[in-house]
Amino acid sequence: GGEGRAGPGAPPRVAAATGPSGGDRAGRFGQVLPAWSRAEPSRAGPGADHGAGMVLQEPAEAPSLSTAAGGVGDAAAEVRLSRLRWAVLLLFSSYSLCNAFQWIQYGSVNNVFVRFYGVSTFAIDWLSMSYMLIYIPLLFPVAWLLDKRGLRLIALAGSALNAMGAWVKLGSLKPHLFPVTVLGQVICSLAQVFILGMPSRIASVWFGSQEVSTACSIAVFGNQLGIAAGFLVPPVLIPNVEDVEKLAYHISIMFFMTAGVASALFILVIIVFKEKPPNPPSRAQALIQSRPPVEYSYVQSILRVLRNANFLLLMVTYGLNVGCFYALSTLLNRMVIHHYPGEEVNAGRIGLTIILSGMVGALISGIWLDKTKTYNQTTLVIYIMSLVGMIVYTFTLSLGHLWVVFVTAGLLGFFMTGYLPLGFEFAAELTYPESEGTSSGLLNVSAQIFGIAFTISQGQIVDRFGTKAGNLLLCSVLFLGTVMTAFIKADLRRQQANLENVQTVSKPRLNPCCPPAISSGQH
């Protein structure tokens with residue numbers, strides 16, 4: 001049965017990843033390699049030290065990794081968890097939160113900034129879209145830098161740029177200084193490139209194999225909370241007053257607070273943030289640290305992933321869904337104010353509702369996936385529910401009852417934002433054994449491109465034909481995405497490899513209830 005099992009679950013790319021000797025062993029004898037010998041090369045090869053790597057969880061019966069690696073691991077330090085790990089995680093989440101806050105701080109009070117700077121709503125929308133635009137060309141250079149120079153440099157760069165952008169914005173407190181605010185926002189956009197790819201890397205370098213998914217979730221939640229704060233705080237701090245001097249004073253309070261927090265976090269990063277813990281947190285990390293670095297071609301990895309038809313479908317459908325979410329977030333203030341004049345604070349609270357219910361959705365879908373592994377069905381159901389939520393939101397926005405908008409926006413957020421971690425997990429399954437950094441990076445690029453396209457087109461439609469027409473655009477996009485999602489085949493390569501690992505290593509005591517040998521970083 002060895003040859004049959006090594007078929008779909010261990011695609012030819014496993015041989016490519018394991019190098020000539022590994023490929024020969026797996027191919028010539030048609031046998032399934034044990035967990036330790038299979039996972040070790042694929043982890044130390046393509047995904048070696050990359051942004052969103054995989055973390056190995058060894059079955060109890062597996063031989064020690066030092067013997068598996070032919071004595072190489074003897075030099076590795078003992079596996080021990082560092083007490084500093086939670087401080088590093090919390091610090092990362094905090095400056096990620098601060099950066100996400102700066103993304104939406106203009107959009108959530110769009111009408112106020114339009115009046116203050118005397119520019120069009122489209123110009124203010126671009127302050128939000130600059131984050132999306134700058135991410136696209138810089139994703140892979142920064143991923144390469146993370147690989148070559150490690151966590152600390154990327155953390156320093158991200159938190160420094162975040163603080164610098166916040167201070168530059170303080171120089172834009174006069175109506176004619178809009179270009180200065182644009183410059184500040186562009187610097188913050190640069191910081192975001194150094195932040196988005198970090199969660200799974202921090203999780204795998206600092207956390208044990210039992211904590212890695214939790215750690216990754218907390219790191220991702222920091223960003224979501226920042227967006228939530230960006231919806232909630234600006235409408236409270238900046239009332240819609242007529243007097244420009246008073247308005248400048250209120251805006252300055254927000255900018256000063258942001259700059260103060262961002263600077264304090266940068267100083268903390270300098271003091272607290274270390275490259276890696278003194279001892280490796282898992283045996284997989286111990287093995288990586290004891291091996292000489294292997295040359296890894298990003299271009300080859302990307303090309304291999306892009307030849308995967310199922311992944312390409314997922315990449316487009318993920319971009320459509322998350323692009324809708326970006327457009328909705330950016331234009332929310334404009335649409336709510338259009339129907340409910342003077343309700344800036346409640347427009348922010350509706351945004352907060354979308355994010356918070358989405359965080360619950362993300363958590364539930366993550367737990368559900370861990371339990372059932374039904375990636376295809378879950379993705380399709382959540383996509384259909386996002387479409388239903390969007391249709392309901394579209395037709396209830398103009399009814400004149402704010403509480404109805406809160407309920408429908410919460411429902412929409414639950415499914416639409418709940419889809420975020422699902423996409424990353426499904427991509428990791430479809431593209432195994434490629435590094436998760438490659439697949440999640442490509443999903444993010446897809447989301448940013450569609451996000452810009454939808455924000456511009458929906459903004460123009462809302463200006464000319466009203467909010468219902470703008471939201472119907474997003475409904476049609478989600479319908480297209482739902483149809484495409486139905487065509488994605490559940491080629492769960494990582495699950496297949498995990499099942500084989502468990503069967504091979506623990507033949508006498510096969511425990512069917514817990515197959516995963518490798519847990520994903522992105523959650």
# chains A, B, ... in the order shown; residues from 1 in each chain; ligands from 1
call {"tool": "residues_around", "arguments": {"residues": "Cys98 (chain A)", "least_positions_apart": "5", "cutoff": "12 Å", "atoms": "only C-alpha atoms", "output": "VMD selection string"}}
result
chain A and resid 91 to 93 103 to 105 158 to 163 165 to 166 188 191 to 192 195 222 to 230 255 257 to 266
call {"tool": "residues_around", "arguments": {"residues": "region 341-354 of chain A", "least_positions_apart": "4", "cutoff": "6 Å", "atoms": "only C-alpha atoms", "output": "ChimeraX atom specification"}}
result
/A:228,231-232,235,333,336-337,406,409-410,413
call {"tool": "write_last_selection", "arguments": {"atoms": "C-alpha atoms", "output": "PDB file, in the first residue's frame"}}
result
ATOM      1  CA  ALA A 228     -11.454  48.103  15.672  1.00  0.00           C
ATOM      2  CA  PHE A 231     -13.199  52.750  13.961  1.00  0.00           C
ATOM      3  CA  LEU A 232     -14.015  53.546  17.585  1.00  0.00           C
ATOM      4  CA  PRO A 235     -15.042  59.690  15.907  1.00  0.00           C
ATOM      5  CA  ASN A 333     -18.183  56.129   7.232  1.00  0.00           C
ATOM      6  CA  VAL A 336     -23.502  55.392   7.057  1.00  0.00           C
ATOM      7  CA  ILE A 337     -23.289  59.224   7.141  1.00  0.00           C
ATOM      8  CA  PHE A 406     -25.641  47.074  13.710  1.00  0.00           C
ATOM      9  CA  ALA A 409     -23.126  44.498   9.899  1.00  0.00           C
ATOM     10  CA  GLY A 410     -22.296  42.147  12.786  1.00  0.00           C
ATOM     11  CA  GLY A 413     -18.453  40.690   9.754  1.00  0.00           C
TER      12      GLY A 413
END
call {"tool": "closest_residue", "arguments": {"among": "A:Ala469, A:Leu399, A:Ala215, A:Leu303", "to": "Thr438 (chain A)", "atoms": "only C-alpha atoms"}}
result
A:Leu303
call {"tool": "closest_residue", "arguments": {"among": "A:Ser172, A:Ser82, A:Ser365, A:Gln377", "to": "Asn279 (chain A)", "atoms": "only C-alpha atoms"}}
result
A:Ser82
call {"tool": "residues_around", "arguments": {"residues": "region 419-434 of chain A", "least_positions_apart": "6", "cutoff": "6 Å", "atoms": "only C-alpha atoms", "output": "list in words"}}
result
Ser440, Asp491, Leu492, Arg493, Arg494 and His523 of chain A
call {"tool": "closest_residue", "arguments": {"among": "A:Val392, A:Leu237, A:Pro175, A:Asp125", "to": "Ile253 (chain A)", "atoms": "only C-alpha atoms"}}
result
A:Leu237
call {"tool": "decode", "arguments": {"residues": "region 172-189 of chain A", "atoms": "N, CA, C and O atoms", "output": "CSV table (one decimal), in the first residue's frame"}}
result
chain,number,residue,atom,x,y,z
A,172,SER,N,1.2,68.0,10.0
A,172,SER,CA,0.1,68.3,9.0
A,172,SER,C,-1.1,68.9,9.6
A,172,SER,O,-2.2,68.6,9.2
A,173,LEU,N,-1.0,69.7,10.6
A,173,LEU,CA,-2.1,70.2,11.4
A,173,LEU,C,-2.7,71.6,10.8
A,173,LEU,O,-3.3,72.3,11.6
A,174,LYS,N,-2.4,71.9,9.6
A,174,LYS,CA,-2.9,73.0,8.9
A,174,LYS,C,-3.6,72.6,7.7
A,174,LYS,O,-3.1,71.6,7.0
A,175,PRO,N,-4.8,73.2,7.3
A,175,PRO,CA,-5.5,72.7,6.1
A,175,PRO,C,-4.7,72.6,4.8
A,175,PRO,O,-5.0,71.8,4.0
A,176,HIS,N,-3.6,73.4,4.7
A,176,HIS,CA,-2.9,73.4,3.4
A,176,HIS,C,-1.8,72.3,3.4
A,176,HIS,O,-1.0,72.2,2.5
A,177,LEU,N,-1.6,71.6,4.6
A,177,LEU,CA,-0.5,70.6,4.7
A,177,LEU,C,-0.9,69.2,4.4
A,177,LEU,O,-0.3,68.2,5.0
A,178,PHE,N,-1.9,69.0,3.5
A,178,PHE,CA,-2.4,67.6,3.2
A,178,PHE,C,-1.2,66.7,2.7
A,178,PHE,O,-1.1,65.6,3.1
A,179,PRO,N,-0.3,67.3,1.9
A,179,PRO,CA,0.8,66.4,1.4
A,179,PRO,C,1.7,65.8,2.5
A,179,PRO,O,2.2,64.7,2.4
A,180,VAL,N,1.8,66.5,3.6
A,180,VAL,CA,2.5,66.0,4.8
A,180,VAL,C,1.8,64.8,5.4
A,180,VAL,O,2.5,63.8,5.8
A,181,THR,N,0.5,64.9,5.5
A,181,THR,CA,-0.2,63.8,6.1
A,181,THR,C,-0.1,62.6,5.1
A,181,THR,O,0.0,61.4,5.6
A,182,VAL,N,-0.1,62.8,3.8
A,182,VAL,CA,0.1,61.7,2.9
A,182,VAL,C,1.5,61.1,3.1
A,182,VAL,O,1.6,59.8,3.1
A,183,LEU,N,2.5,61.9,3.3
A,183,LEU,CA,3.8,61.4,3.5
A,183,LEU,C,3.9,60.5,4.8
A,183,LEU,O,4.4,59.4,4.8
A,184,GLY,N,3.2,61.0,5.9
A,184,GLY,CA,3.2,60.2,7.1
A,184,GLY,C,2.5,58.9,6.9
A,184,GLY,O,3.0,57.9,7.4
A,185,GLN,N,1.4,58.9,6.1
A,185,GLN,CA,0.6,57.7,5.9
A,185,GLN,C,1.4,56.7,5.1
A,185,GLN,O,1.4,55.5,5.3
A,186,VAL,N,2.2,57.2,4.1
A,186,VAL,CA,3.1,56.3,3.3
A,186,VAL,C,4.1,55.7,4.1
A,186,VAL,O,4.4,54.5,3.9
A,187,ILE,N,4.7,56.4,5.1
A,187,ILE,CA,5.7,55.8,6.0
A,187,ILE,C,5.1,54.7,6.8
A,187,ILE,O,5.7,53.6,7.0
A,188,CYS,N,3.9,55.0,7.3
A,188,CYS,CA,3.1,53.9,8.1
A,188,CYS,C,2.8,52.7,7.2
A,188,CYS,O,2.8,51.6,7.6
A,189,SER,N,2.5,53.0,5.9
A,189,SER,CA,2.3,51.9,4.9
A,189,SER,C,3.5,51.0,4.8
A,189,SER,O,3.4,49.8,4.7
